[in-house]
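Undergrad: This is the content of coords.txt (compact mmCIF, C-alpha atoms and all ligand atoms):
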```txt
# COMPACT_ATOMS: atom_id res chain seq x y z
CA MET A 870 19.25 -17.67 -63.93
CA PRO A 871 20.19 -14.71 -61.76
CA GLU A 872 20.09 -11.14 -62.84
CA VAL A 873 21.99 -9.86 -59.80
CA VAL A 874 24.83 -11.65 -57.99
CA VAL A 875 26.13 -10.65 -54.58
CA LEU A 876 29.56 -12.19 -54.04
CA GLY A 877 30.12 -12.51 -50.29
CA CYS A 878 27.87 -13.47 -47.42
CA GLY A 879 29.36 -11.41 -44.61
CA ILE A 880 27.52 -8.46 -43.12
CA VAL A 881 28.34 -6.28 -46.15
CA GLY A 882 26.97 -8.81 -48.68
CA LEU A 883 23.81 -9.19 -46.59
CA TYR A 884 23.28 -5.42 -46.18
CA THR A 885 23.79 -5.13 -49.97
CA THR A 886 21.13 -7.79 -50.59
CA TYR A 887 18.78 -5.85 -48.31
CA CYS A 888 19.38 -2.59 -50.20
CA LEU A 889 18.93 -4.26 -53.59
CA ILE A 890 15.46 -5.39 -52.53
CA ASN A 891 14.41 -2.31 -50.57
CA ASP A 892 16.16 0.57 -52.36
CA ALA A 893 16.41 -0.68 -55.94
CA GLY A 894 13.28 -2.85 -55.99
CA VAL A 895 15.10 -5.94 -57.27
CA SER A 896 12.96 -9.04 -56.88
CA PRO A 897 14.51 -11.37 -54.25
CA LYS A 898 14.03 -14.22 -56.74
CA ASN A 899 16.47 -12.48 -59.10
CA ILE A 900 19.25 -12.29 -56.49
CA THR A 901 21.87 -14.96 -55.91
CA VAL A 902 24.35 -14.69 -53.07
CA MET A 903 27.55 -16.66 -53.76
CA ALA A 904 30.21 -17.17 -51.12
CA LYS A 905 32.82 -19.59 -49.90
CA TYR A 906 31.73 -19.00 -46.29
CA MET A 907 28.15 -18.60 -45.10
CA PRO A 908 26.66 -17.85 -41.66
CA GLY A 909 27.50 -20.75 -39.35
CA ASP A 910 30.92 -21.27 -40.95
CA GLN A 911 34.13 -20.28 -39.22
CA SER A 912 37.34 -19.19 -40.91
CA ILE A 913 39.96 -16.49 -40.44
CA ASN A 914 38.98 -15.44 -43.99
CA TYR A 915 35.37 -14.79 -42.90
CA THR A 916 35.46 -11.76 -40.61
CA SER A 917 31.83 -11.06 -39.80
CA PRO A 918 31.25 -13.77 -37.15
CA TRP A 919 34.21 -12.48 -35.10
CA ALA A 920 33.09 -8.88 -34.66
CA GLY A 921 32.27 -7.42 -31.26
CA GLY A 922 30.00 -6.01 -32.70
CA ASN A 923 28.46 -2.70 -31.82
CA PHE A 924 28.09 0.82 -33.09
CA SER A 925 30.95 2.77 -31.54
CA CYS A 926 33.22 5.70 -32.28
CA ILE A 927 35.87 3.53 -33.99
CA THR A 928 35.42 5.05 -37.46
CA PRO A 929 37.82 7.65 -38.85
CA ASN A 930 36.94 11.29 -38.53
CA ASP A 931 36.10 12.08 -42.15
CA LYS A 932 32.78 13.37 -43.50
CA GLU A 933 32.24 10.41 -45.81
CA THR A 934 32.59 7.71 -43.13
CA LEU A 935 30.64 9.73 -40.57
CA ALA A 936 27.76 9.86 -43.08
CA LEU A 937 27.90 6.05 -43.54
CA ASP A 938 27.72 5.64 -39.75
CA LYS A 939 24.78 8.02 -39.51
CA PHE A 940 22.83 6.23 -42.23
CA THR A 941 23.39 2.87 -40.54
CA TYR A 942 22.54 4.04 -37.01
CA THR A 943 19.36 5.82 -38.05
CA ASN A 944 18.08 3.03 -40.34
CA LEU A 945 18.94 -0.17 -38.47
CA ALA A 946 15.53 -0.18 -36.77
CA THR A 947 13.92 -0.99 -40.13
CA ILE A 948 16.03 -4.15 -40.46
CA GLN A 949 15.40 -5.09 -36.84
CA LYS A 950 11.64 -4.77 -37.45
CA LYS A 951 11.69 -6.82 -40.66
CA LEU A 952 13.62 -9.58 -38.90
CA GLY A 953 11.04 -9.83 -36.13
CA GLY A 954 12.39 -7.46 -33.45
CA PRO A 955 15.33 -7.56 -31.03
CA SER A 956 15.31 -11.36 -30.77
CA CYS A 957 16.95 -11.45 -34.25
CA GLY A 958 20.16 -10.56 -32.39
CA LEU A 959 20.12 -6.78 -32.80
CA ASP A 960 19.20 -4.55 -29.89
CA MET A 961 20.08 -1.26 -28.18
CA TYR A 962 22.06 -0.91 -24.94
CA PRO A 963 23.62 1.96 -22.99
CA SER A 964 27.22 2.78 -23.81
CA THR A 965 30.11 4.87 -22.53
CA GLU A 966 32.92 6.01 -24.83
CA LEU A 967 36.13 7.42 -23.33
CA TRP A 968 39.04 8.99 -25.20
CA ASP A 969 42.57 9.67 -24.00
CA GLU A 970 42.61 12.56 -26.52
CA TYR A 971 39.71 14.71 -27.74
CA PRO A 972 38.39 13.02 -30.93
CA GLY A 973 37.64 16.29 -32.75
CA ASP A 974 34.63 18.53 -33.29
CA GLU A 975 33.63 16.97 -36.60
CA LYS A 976 33.03 13.55 -35.06
CA ILE A 977 31.38 14.83 -31.90
CA LEU A 978 29.02 17.23 -33.69
CA SER A 979 28.05 14.51 -36.14
CA LEU A 980 27.29 12.00 -33.36
CA LYS A 981 25.39 14.59 -31.37
CA SER A 982 23.08 15.27 -34.32
CA TYR A 983 21.51 11.78 -34.36
CA ILE A 984 22.65 9.53 -31.49
CA LYS A 985 20.02 8.62 -28.92
CA ASP A 986 20.67 9.83 -25.34
CA PHE A 987 23.95 11.49 -26.37
CA LYS A 988 25.48 13.25 -23.35
CA VAL A 989 28.96 14.63 -22.73
CA ILE A 990 30.37 13.39 -19.40
CA PRO A 991 31.59 16.26 -17.18
CA LYS A 992 35.38 16.33 -16.98
CA SER A 993 35.25 15.96 -13.18
CA LYS A 994 33.61 12.54 -13.61
CA LEU A 995 36.14 11.15 -16.11
CA PRO A 996 38.69 8.53 -14.98
CA GLU A 997 42.35 9.49 -14.80
CA GLY A 998 44.01 9.88 -18.19
CA VAL A 999 40.71 10.37 -20.02
CA GLU A 1000 40.31 13.68 -21.87
CA PHE A 1001 36.75 13.34 -23.17
CA GLY A 1002 33.79 11.01 -22.70
CA ILE A 1003 30.18 10.53 -23.74
CA ASN A 1004 27.18 8.45 -22.76
CA LEU A 1005 24.83 7.20 -25.46
CA THR A 1006 22.43 4.47 -26.41
CA THR A 1007 23.85 2.27 -29.13
CA TRP A 1008 23.23 -0.75 -31.35
CA ASP A 1009 24.64 -4.14 -30.41
CA PHE A 1010 24.73 -7.20 -32.65
CA ASN A 1011 24.95 -10.84 -31.68
CA CYS A 1012 27.03 -11.25 -34.82
CA PRO A 1013 26.94 -15.00 -35.64
CA TYR A 1014 23.27 -15.27 -34.69
CA PHE A 1015 22.25 -12.08 -36.51
CA LEU A 1016 24.03 -13.20 -39.71
CA ALA A 1017 22.16 -16.51 -39.62
CA ASN A 1018 18.81 -14.76 -39.08
CA PHE A 1019 19.51 -12.23 -41.83
CA LYS A 1020 20.24 -15.07 -44.28
CA LYS A 1021 17.15 -17.01 -43.17
CA TYR A 1022 15.02 -13.89 -43.78
CA PHE A 1023 16.32 -13.58 -47.35
CA GLU A 1024 15.82 -17.31 -48.00
CA GLY A 1025 12.20 -16.82 -46.95
CA LEU A 1026 11.87 -14.10 -49.60
CA GLY A 1027 13.32 -16.34 -52.31
CA VAL A 1028 16.96 -15.19 -52.51
CA LYS A 1029 19.23 -18.06 -53.61
CA PHE A 1030 22.45 -18.88 -51.74
CA ILE A 1031 25.22 -20.83 -53.47
CA GLN A 1032 28.28 -21.94 -51.55
CA THR A 1033 31.26 -21.77 -53.86
CA GLU A 1034 34.80 -20.43 -53.99
CA LEU A 1035 35.74 -18.28 -56.97
CA THR A 1036 39.30 -17.91 -58.17
CA HIS A 1037 38.44 -15.08 -60.59
CA ILE A 1038 35.71 -12.43 -60.34
CA SER A 1039 34.58 -13.29 -63.90
CA GLN A 1040 33.30 -16.65 -62.58
CA ALA A 1041 30.50 -14.77 -60.80
CA TYR A 1042 28.93 -13.89 -64.17
CA LYS A 1043 26.56 -16.37 -65.83
CA PRO A 1044 25.14 -15.58 -69.29
CA ASP A 1045 22.23 -13.50 -67.98
CA THR A 1046 24.00 -11.88 -65.01
CA LYS A 1047 23.80 -8.12 -65.44
CA VAL A 1048 25.66 -7.04 -62.31
CA VAL A 1049 27.91 -8.50 -59.63
CA PHE A 1050 28.37 -6.83 -56.25
CA ASN A 1051 31.84 -7.59 -54.95
CA CYS A 1052 31.48 -7.87 -51.15
CA THR A 1053 34.48 -10.12 -50.57
CA GLY A 1054 36.03 -8.30 -47.59
CA ILE A 1055 39.61 -9.43 -47.02
CA GLY A 1056 39.15 -11.76 -50.05
CA ALA A 1057 39.47 -8.71 -52.33
CA PHE A 1058 43.21 -8.84 -51.66
CA SER A 1059 43.67 -12.20 -53.42
CA LEU A 1060 40.72 -12.71 -55.79
CA SER A 1061 41.98 -12.55 -59.40
CA GLY A 1062 40.38 -9.81 -61.43
CA VAL A 1063 40.28 -7.66 -58.28
CA LYS A 1064 43.57 -8.26 -56.38
CA ASP A 1065 43.42 -4.94 -54.55
CA ASP A 1066 46.82 -4.39 -52.94
CA LYS A 1067 45.40 -1.51 -50.91
CA VAL A 1068 43.55 -4.12 -48.81
CA TYR A 1069 45.28 -5.25 -45.62
CA PRO A 1070 44.20 -6.98 -42.41
CA THR A 1071 43.84 -5.31 -39.03
CA ARG A 1072 43.91 -8.29 -36.71
CA GLY A 1073 41.87 -8.39 -33.53
CA GLN A 1074 41.58 -10.85 -30.66
CA VAL A 1075 38.50 -11.10 -28.46
CA VAL A 1076 37.63 -12.97 -25.27
CA VAL A 1077 33.99 -14.00 -24.93
CA ILE A 1078 32.81 -14.49 -21.34
CA LYS A 1079 29.52 -15.29 -19.66
CA ALA A 1080 28.31 -12.18 -17.82
CA PRO A 1081 24.57 -12.02 -17.09
CA HIS A 1082 25.21 -9.01 -14.83
CA ILE A 1083 26.67 -6.69 -17.54
CA LYS A 1084 24.17 -5.00 -19.85
CA GLN A 1085 26.24 -2.04 -21.03
CA ASN A 1086 29.00 -1.21 -23.52
CA LYS A 1087 32.15 0.50 -22.39
CA MET A 1088 34.90 1.60 -24.76
CA ARG A 1089 38.24 3.35 -24.22
CA TRP A 1090 40.25 4.70 -27.12
CA GLY A 1091 43.98 5.49 -26.81
CA SER A 1092 46.49 6.51 -29.45
CA ASP A 1093 47.87 2.95 -29.70
CA TYR A 1094 45.20 0.76 -28.11
CA ALA A 1095 41.45 0.08 -28.01
CA THR A 1096 39.71 -1.53 -25.05
CA TYR A 1097 36.08 -2.55 -25.39
CA ILE A 1098 33.27 -4.33 -23.61
CA ILE A 1099 30.25 -5.31 -25.73
CA PRO A 1100 27.17 -7.27 -24.60
CA ARG A 1101 25.67 -9.71 -27.12
CA PRO A 1102 21.89 -9.47 -27.39
CA PHE A 1103 19.96 -12.77 -27.16
CA SER A 1104 23.13 -14.78 -26.60
CA ASN A 1105 22.59 -16.40 -23.25
CA ASP A 1106 24.52 -13.59 -21.51
CA GLU A 1107 27.69 -13.45 -23.59
CA LEU A 1108 29.96 -10.44 -23.23
CA VAL A 1109 32.72 -9.68 -25.75
CA LEU A 1110 35.98 -8.27 -24.38
CA GLY A 1111 38.64 -6.75 -26.61
CA GLY A 1112 40.88 -5.93 -28.09
CA PHE A 1113 43.68 -5.41 -30.52
CA LEU A 1114 44.08 -3.46 -33.77
CA GLN A 1115 47.16 -5.04 -35.39
CA LYS A 1116 47.84 -3.75 -38.88
CA ASP A 1117 49.16 -6.19 -41.52
CA ASN A 1118 49.01 -9.14 -39.15
CA TRP A 1119 47.42 -12.15 -40.91
CA THR A 1120 47.60 -14.70 -38.11
CA ALA A 1121 44.54 -16.70 -37.07
CA ASP A 1122 46.33 -17.87 -33.92
CA THR A 1123 45.26 -16.59 -30.51
CA PHE A 1124 47.71 -15.76 -27.75
CA GLU A 1125 47.42 -16.26 -24.01
CA THR A 1126 49.40 -13.07 -23.34
CA GLN A 1127 46.84 -11.10 -25.37
CA THR A 1128 43.96 -12.77 -23.54
CA ALA A 1129 45.52 -11.78 -20.19
CA ASP A 1130 46.07 -8.23 -21.43
CA ILE A 1131 42.45 -7.94 -22.64
CA ILE A 1132 41.12 -9.21 -19.30
CA LYS A 1133 43.37 -6.81 -17.37
CA ARG A 1134 42.33 -3.76 -19.41
CA THR A 1135 38.60 -4.55 -19.53
CA THR A 1136 38.29 -5.34 -15.83
CA GLU A 1137 40.11 -2.09 -15.00
CA LEU A 1138 37.68 -0.27 -17.29
CA LEU A 1139 34.62 -1.97 -15.81
CA PRO A 1140 35.50 -3.64 -12.46
CA GLU A 1141 31.89 -4.94 -12.09
CA ILE A 1142 32.85 -7.66 -14.58
CA LEU A 1143 34.56 -9.40 -11.64
CA ASP A 1144 31.41 -9.31 -9.48
CA ARG A 1145 31.03 -12.95 -10.53
CA PRO A 1146 33.80 -15.49 -11.27
CA LEU A 1147 35.28 -15.00 -14.74
CA GLU A 1148 33.87 -17.67 -17.08
CA ILE A 1149 35.63 -17.69 -20.46
CA ILE A 1150 33.52 -19.20 -23.25
CA ARG A 1151 36.00 -18.73 -26.07
CA VAL A 1152 38.95 -16.76 -27.40
CA ALA A 1153 39.03 -15.86 -31.10
CA ALA A 1154 40.97 -13.86 -33.65
CA GLY A 1155 39.60 -12.04 -36.70
CA LEU A 1156 40.95 -9.95 -39.58
CA ARG A 1157 39.26 -6.59 -40.16
CA PRO A 1158 39.25 -5.98 -43.94
CA SER A 1159 41.03 -2.61 -43.93
CA ARG A 1160 41.95 -0.62 -47.03
CA HIS A 1161 44.34 2.27 -47.58
CA GLY A 1162 42.14 5.21 -48.60
CA GLY A 1163 39.00 3.71 -47.02
CA PRO A 1164 36.30 1.38 -48.35
CA ARG A 1165 35.99 0.86 -52.11
CA ILE A 1166 32.45 1.67 -53.21
CA GLU A 1167 32.67 2.00 -56.95
CA VAL A 1168 31.13 0.84 -60.24
CA GLU A 1169 33.20 -0.72 -63.05
CA HIS A 1170 31.78 -1.27 -66.54
CA ILE A 1171 32.87 -4.58 -68.05
CA GLU A 1172 31.55 -4.57 -71.61
CA ASP A 1173 27.75 -4.50 -71.13
CA LYS A 1174 27.90 -5.76 -67.53
CA LEU A 1175 28.47 -3.97 -64.24
CA LEU A 1176 30.78 -4.79 -61.33
CA VAL A 1177 30.02 -2.88 -58.15
CA HIS A 1178 32.72 -3.01 -55.50
CA ASN A 1179 31.66 -2.77 -51.88
CA TYR A 1180 34.45 -3.85 -49.55
CA GLY A 1181 37.08 -2.51 -47.17
CA ALA A 1182 34.83 -1.97 -44.14
CA SER A 1183 37.76 -2.42 -41.74
CA GLY A 1184 36.56 -2.34 -38.09
CA TYR A 1185 33.13 -0.92 -38.90
CA GLY A 1186 31.26 -3.27 -41.24
CA TYR A 1187 28.28 -3.58 -38.87
CA GLN A 1188 28.10 0.09 -37.97
CA ALA A 1189 28.79 1.66 -41.39
CA GLY A 1190 28.09 -1.27 -43.75
CA PHE A 1191 24.40 -0.45 -44.21
CA GLY A 1192 25.42 3.06 -45.36
CA MET A 1193 28.10 1.57 -47.64
CA SER A 1194 25.57 -0.79 -49.22
CA HIS A 1195 22.96 1.94 -49.65
CA LYS A 1196 25.58 3.95 -51.51
CA ALA A 1197 26.75 0.98 -53.63
CA VAL A 1198 23.18 0.20 -54.69
CA ALA A 1199 22.50 3.88 -55.49
CA LEU A 1200 25.60 3.88 -57.75
CA TYR A 1201 24.32 0.73 -59.44
CA THR A 1202 20.88 2.26 -60.06
CA LYS A 1203 22.50 5.32 -61.60
CA ALA A 1204 24.84 3.26 -63.79
CA LYS A 1205 21.95 1.07 -64.96
CA ARG A 1206 19.94 4.14 -65.96
CA GLN A 1207 22.95 5.55 -67.81
CA GLN A 1208 23.34 2.23 -69.65
CA SER A 1209 19.72 2.30 -70.77
CA GLY A 1210 20.07 5.92 -71.91
CA LYS A 1211 17.67 7.33 -69.30
CA LEU A 1212 20.24 9.77 -67.88
C1 LIG B 1301 37.79 -8.60 -33.45
C2 LIG B 1301 36.88 -7.79 -34.33
C3 LIG B 1301 35.94 -6.94 -33.77
C4 LIG B 1301 35.10 -6.18 -34.58
N1 LIG B 1301 34.15 -5.39 -34.00
C5 LIG B 1301 33.31 -4.66 -34.78
C6 LIG B 1301 32.29 -3.87 -34.19
O1 LIG B 1301 32.14 -3.83 -32.97
N2 LIG B 1301 31.48 -3.15 -35.01
C7 LIG B 1301 31.62 -3.17 -36.39
O2 LIG B 1301 30.88 -2.49 -37.08
N3 LIG B 1301 32.58 -3.95 -36.96
C8 LIG B 1301 33.41 -4.67 -36.20
N4 LIG B 1301 34.39 -5.44 -36.78
C9 LIG B 1301 34.58 -5.35 -38.23
C10 LIG B 1301 33.60 -6.20 -39.00
O3 LIG B 1301 33.62 -7.50 -38.49
C11 LIG B 1301 33.97 -6.19 -40.49
O4 LIG B 1301 34.02 -4.85 -40.96
C12 LIG B 1301 32.94 -6.95 -41.31
O5 LIG B 1301 32.71 -8.22 -40.77
C13 LIG B 1301 33.39 -7.08 -42.76
O6 LIG B 1301 32.37 -7.75 -43.42
P1 LIG B 1301 32.50 -8.20 -44.95
O7 LIG B 1301 31.15 -8.69 -45.32
O8 LIG B 1301 33.13 -7.10 -45.72
O9 LIG B 1301 33.58 -9.38 -44.93
P2 LIG B 1301 33.43 -10.92 -44.49
O10 LIG B 1301 32.57 -11.08 -43.31
O11 LIG B 1301 34.83 -11.46 -44.39
O12 LIG B 1301 32.70 -11.61 -45.70
C14 LIG B 1301 33.35 -11.81 -46.93
C15 LIG B 1301 32.53 -12.80 -47.74
O13 LIG B 1301 33.12 -12.91 -49.03
C16 LIG B 1301 33.32 -14.27 -49.33
N5 LIG B 1301 34.45 -14.42 -50.25
C17 LIG B 1301 35.64 -13.75 -50.22
N6 LIG B 1301 36.43 -14.15 -51.23
C18 LIG B 1301 35.71 -15.09 -51.91
C19 LIG B 1301 35.97 -15.90 -53.07
N7 LIG B 1301 37.13 -15.83 -53.73
N8 LIG B 1301 35.02 -16.77 -53.49
C20 LIG B 1301 33.83 -16.87 -52.82
N9 LIG B 1301 33.54 -16.14 -51.73
C21 LIG B 1301 34.46 -15.27 -51.29
C22 LIG B 1301 33.58 -14.93 -47.98
O14 LIG B 1301 33.41 -16.33 -48.03
C23 LIG B 1301 32.52 -14.21 -47.15
O15 LIG B 1301 31.27 -14.81 -47.34
C24 LIG B 1301 35.23 -6.25 -35.99
C25 LIG B 1301 36.14 -7.13 -36.56
C26 LIG B 1301 36.96 -7.90 -35.75
C27 LIG B 1301 37.93 -8.85 -36.38
```
Once you've parsed the file, please lay out its structure as structure tokens.
Ligand SMILES: Cc1cc2nc3c(=O)[nH]c(=O)nc-3n(C[C@H](O)[C@H](O)[C@H](O)COP(=O)(O)OP(=O)(O)OC[C@H]3O[C@@H](n4cnc5c(N)ncnc54)[C@H](O)[C@@H]3O)c2cc1C
TA:
Amino acid sequence: MPEVVVLGCGIVGLYTTYCLINDAGVSPKNITVMAKYMPGDQSINYTSPWAGGNFSCITPNDKETLALDKFTYTNLATIQKKLGGPSCGLDMYPSTELWDEYPGDEKILSLKSYIKDFKVIPKSKLPEGVEFGINLTTWDFNCPYFLANFKKYFEGLGVKFIQTELTHISQAYKPDTKVVFNCTGIGAFSLSGVKDDKVYPTRGQVVVIKAPHIKQNKMRWGSDYATYIIPRPFSNDELVLGGFLQKDNWTADTFETQTADIIKRTTELLPEILDRPLEIIRVAAGLRPSRHGGPRIEVEHIEDKLLVHNYGASGYGYQAGFGMSHKAVALYTKAKRQQSGKL
């Protein structure tokens, strides 16, 4: 029976599994991942397959989150290598980030300290209405494909995966379970024993097109909008166009007016998209698992067992989630040592 349970099989649950093995030295055979939805499944309550998903400047401008970004950016190459290289669905592409308002020194200095090919774009070369811009080389995920490959990698190591829906967090504990990592994303809002009312959705809609001629990211950030263009590595030339950031909107529906708006904004941002006829592959909506006060990365002691929360990644689970999971596993290691009287 399992010693360690990871509840949730989105990107955060999978990063957590990785950190348990590589940071804490937990044997893969002692890890069980439980989740209602697994890679390959589709549901509005399973956010990870719907992400763009790249490393961008979407995260808030606080020290804590900037550190999670930095950890993820600078360590992703180790995961890429273990999964067999870029063909796992994780690769680097050029990117341009444009802001209508200067994002602040803290963010820019942090990015500059570690981002590959970071370069400020001269003001004279910025489009109208843009206050600040940078060029960089960034990480891009082919999200559904990467999730499937990440899971397959863990299965090869002996991690068990159990598809099940829990109604209460206590159901994750079997008699010899010592710790449960709660990586339930938006599920943390409704799961009994957790029911975190600080969790709320930030809905997005994306349009996936076929675009073999676009191999770059381009992002524009305004005070009340976000427009983004993200290539999907090893996807047969898919390009993700977005988007929307709609707080407290739970709908899984997609809207033609939003699709038209996304296409208008992204083709204005990168007119080369229209160098070939627009070929829409799909339109989808997803709920970013946002949380007032930021992600919850915290240990709870429940009698002699531990519950480690690791959720609330909002719009940055891919780009900060590795850092979140590294932190969650470090907290677990410390709590375990305290329990055994070694601290
Ligand atoms: C349109 C859009 C674009 C995005 N773009 C980006 C991007 O470019 N870069 C980036 O970094 N992020 C991006 N994101 C955000 C990113 O997708 C999320 O931060 C991330 O997917 C959250 O992962 P998670 O593992 O926390 O949650 P999820 O992927 O939702 O996984 C939660 C897991 O918990 C399980 N679960 C929950 N409750 C229960 C229960 N009661 N019983 C059993 N299992 C349960 C679920 O089945 C699932 O397996 C985007 C999101 C959207 C919607």
Undergrad: List as a tab-separated table every residue of chain A that is in contact with ligand LIG 1301 (chain B), defined as an atom at most 7 Å from one of its atoms (using all atoms listed in the file), together with the nearest atom pair and the distance in Å rounded to one decimal, sorted by chain and then rising number.
TA:
```
residue	atom	partner	partner_atom	distance
A:Leu876	CA	B:LIG1301	N9	6.1
A:Gly877	CA	B:LIG1301	O13	3.3
A:Cys878	CA	B:LIG1301	O15	3.7
A:Gly879	CA	B:LIG1301	O7	3.3
A:Ile880	CA	B:LIG1301	O7	4.3
A:Val881	CA	B:LIG1301	O7	3.8
A:Gly882	CA	B:LIG1301	O7	5.4
A:Met903	CA	B:LIG1301	N9	6.3
A:Ala904	CA	B:LIG1301	N9	3.5
A:Lys905	CA	B:LIG1301	O14	3.8
A:Tyr906	CA	B:LIG1301	O14	3.6
A:Met907	CA	B:LIG1301	O15	5.4
A:Asn914	CA	B:LIG1301	O11	5.8
A:Tyr915	CA	B:LIG1301	O11	3.7
A:Thr916	CA	B:LIG1301	O11	3.8
A:Ser917	CA	B:LIG1301	O5	3.1
A:Pro918	CA	B:LIG1301	O5	6.8
A:Trp919	CA	B:LIG1301	C27	5.4
A:Ala920	CA	B:LIG1301	C4	3.4
A:Gly921	CA	B:LIG1301	N1	3.9
A:Gly922	CA	B:LIG1301	O1	3.1
A:Asn923	CA	B:LIG1301	O1	4.0
A:Phe924	CA	B:LIG1301	N2	5.6
A:Ser925	CA	B:LIG1301	O1	6.9
A:Thr1033	CA	B:LIG1301	C20	5.6
A:Glu1034	CA	B:LIG1301	N8	3.7
A:Leu1035	CA	B:LIG1301	N8	3.9
A:Thr1036	CA	B:LIG1301	N7	5.4
A:Cys1052	CA	B:LIG1301	O13	5.7
A:Thr1053	CA	B:LIG1301	O13	3.5
A:Gly1054	CA	B:LIG1301	O8	3.7
A:Ile1055	CA	B:LIG1301	O11	5.8
A:Gly1056	CA	B:LIG1301	N6	3.8
A:Ala1057	CA	B:LIG1301	N6	6.3
A:Leu1060	CA	B:LIG1301	N7	5.2
A:Arg1072	CA	B:LIG1301	C27	6.0
A:Gly1073	CA	B:LIG1301	C1	4.1
A:Gln1074	CA	B:LIG1301	C1	5.2
A:Val1075	CA	B:LIG1301	C1	5.6
A:Gly1112	CA	B:LIG1301	C1	6.7
A:Ala1154	CA	B:LIG1301	C1	6.1
A:Gly1155	CA	B:LIG1301	C27	3.6
A:Leu1156	CA	B:LIG1301	C27	4.5
A:Arg1157	CA	B:LIG1301	C27	4.6
A:Pro1158	CA	B:LIG1301	C13	6.1
A:Tyr1180	CA	B:LIG1301	O8	5.2
A:Gly1181	CA	B:LIG1301	O8	6.2
A:Ala1182	CA	B:LIG1301	O4	4.4
A:Ser1183	CA	B:LIG1301	O4	4.5
A:Gly1184	CA	B:LIG1301	C9	3.6
A:Tyr1185	CA	B:LIG1301	O2	3.3
A:Gly1186	CA	B:LIG1301	O4	3.2
A:Tyr1187	CA	B:LIG1301	O2	3.3
A:Gln1188	CA	B:LIG1301	O2	3.9
A:Ala1189	CA	B:LIG1301	O2	6.3
```
Undergrad: Given only C-alpha atoms as the basis, pick out the residue of A:Pro1100, A:Gly1002, A:Pro991, A:Pro996 nearest to Leu1138 in chain A.
TA: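 Going through A:Pro1100, A:Gly1002, A:Pro991, A:Pro996 one by one, the smallest distance to Leu1138 in chain A is for A:Pro996.
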Undergrad: Select, from A:Val1049, A:Val1068, A:Ile1031, A:Leu1016, the residue with the minimum atom-to-atom distance to Tyr1201 in chain A, counting all atoms listed in the file.
TA: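 The shortest atom-to-atom distance to Tyr1201 in chain A comes from A:Val1049.
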Undergrad: Provide the CA of Ser1159 in chain A to CA of Met961 in chain A distance in Å, to one decimal place.
TA: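 Separation of CA of Ser1159 in chain A and CA of Met961 in chain A: 26.2 Å.
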Undergrad: Name the closest residue to Phe1023 in chain A among the candidates A:Val902, A:Ala1129, A:Ile1003, A:Leu935; distances are taken between atoms, counting all atoms listed in the file.
TA: A:Val902
Undergrad: Go ahead and find all residues with at least one atom no further than 12 Å from (30.7, 12.5, -45.5) in the file's coordinates, using only C-alpha atoms; report them as a PyMOL selection string.
TA: chain A and resi 928-940+975-976+979+1189+1192-1193+1196
Undergrad: Would you be able to write out as a ChimeraX atom specification which residues have an atom within 6 Å of (25.6, -2.5, -22.7) in the file's coordinates, counting only C-alpha atoms?
TA: /A:962-964,1084-1086,1100
Undergrad: Would you save the residues of that selection, restricted to C-alpha atoms, as a compact mmCIF listing (two decimals), in the frame of the given file?
TA:
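Below you can see result-v4.txt, which holds the result:
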```
# COMPACT_ATOMS: atom_id res chain seq x y z
CA TYR A 962 22.06 -0.91 -24.94
CA PRO A 963 23.62 1.96 -22.99
CA SER A 964 27.22 2.78 -23.81
CA LYS A 1084 24.17 -5.00 -19.85
CA GLN A 1085 26.24 -2.04 -21.03
CA ASN A 1086 29.00 -1.21 -23.52
CA PRO A 1100 27.17 -7.27 -24.60
```
Undergrad: Could you check the closest approach to Tyr1014 in chain A for each of A:Asn899, A:Thr947, A:Gln1115, A:Ser956 and tell me which residue wins, using all atoms listed in the file?
TA: A:Ser956
Undergrad: Using 12 Å as the limit and counting all atoms listed in the file, can you tabulate each residue of range 870-966 of chain A that touches range 1042-1047 of chain A, with its shortest atom-to-atom distance in Å and the two atoms involved, as a tab-separated table?
TA:
```
residue	atom	partner	partner_atom	distance
A:Met870	CA	A:Asp1045	CA	6.5
A:Pro871	CA	A:Thr1046	CA	5.8
A:Glu872	CA	A:Thr1046	CA	4.5
A:Val873	CA	A:Thr1046	CA	5.9
A:Val874	CA	A:Thr1046	CA	7.1
A:Val875	CA	A:Tyr1042	CA	10.5
A:Leu876	CA	A:Tyr1042	CA	10.3
A:Asn899	CA	A:Thr1046	CA	9.6
A:Ile900	CA	A:Thr1046	CA	9.8
A:Thr901	CA	A:Thr1046	CA	9.8
A:Met903	CA	A:Tyr1042	CA	10.9
```
Undergrad: Tell me, in Å to one decimal, how far CA of Tyr1097 in chain A is from CA of Ala1017 in chain A.
TA: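 We find that CA of Tyr1097 in chain A and CA of Ala1017 in chain A lie 24.3 Å from each other.
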Undergrad: Quick one: residues within 8 Å of Ile1131 in chain A, all atoms listed in the file counted, chain neighbours fewer than 4 positions away excluded, as a list in words?
TA: Val1075, Val1076, Thr1096, Leu1110, Gly1111, Gly1112, Gln1127 and Thr1135 of chain A
Undergrad: List the spatial neighbours of Phe1015 in chain A as a list of chain:residue names - criterion: any atom at most 9 Å away, only C-alpha atoms, same-chain residues fewer than 3 positions off excluded.
TA: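 Residues near the query, excluding close chain neighbours: A:Pro908, A:Cys957, A:Gly958, A:Leu959, A:Phe1010, A:Asn1011, A:Cys1012, A:Asn1018, A:Phe1019, A:Lys1020.
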Undergrad: Quick one, how far is CA of Val1028 in chain A from CA of Thr886 in chain A?
TA: 8.7 Å
Undergrad: Using only C-alpha atoms, which residue out of A:Asn1105, A:Ser1059, A:Thr965, A:Asn944 lies closest to Gly1190 in chain A?
TA: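 Smallest distance to Gly1190 in chain A is found for A:Asn944.
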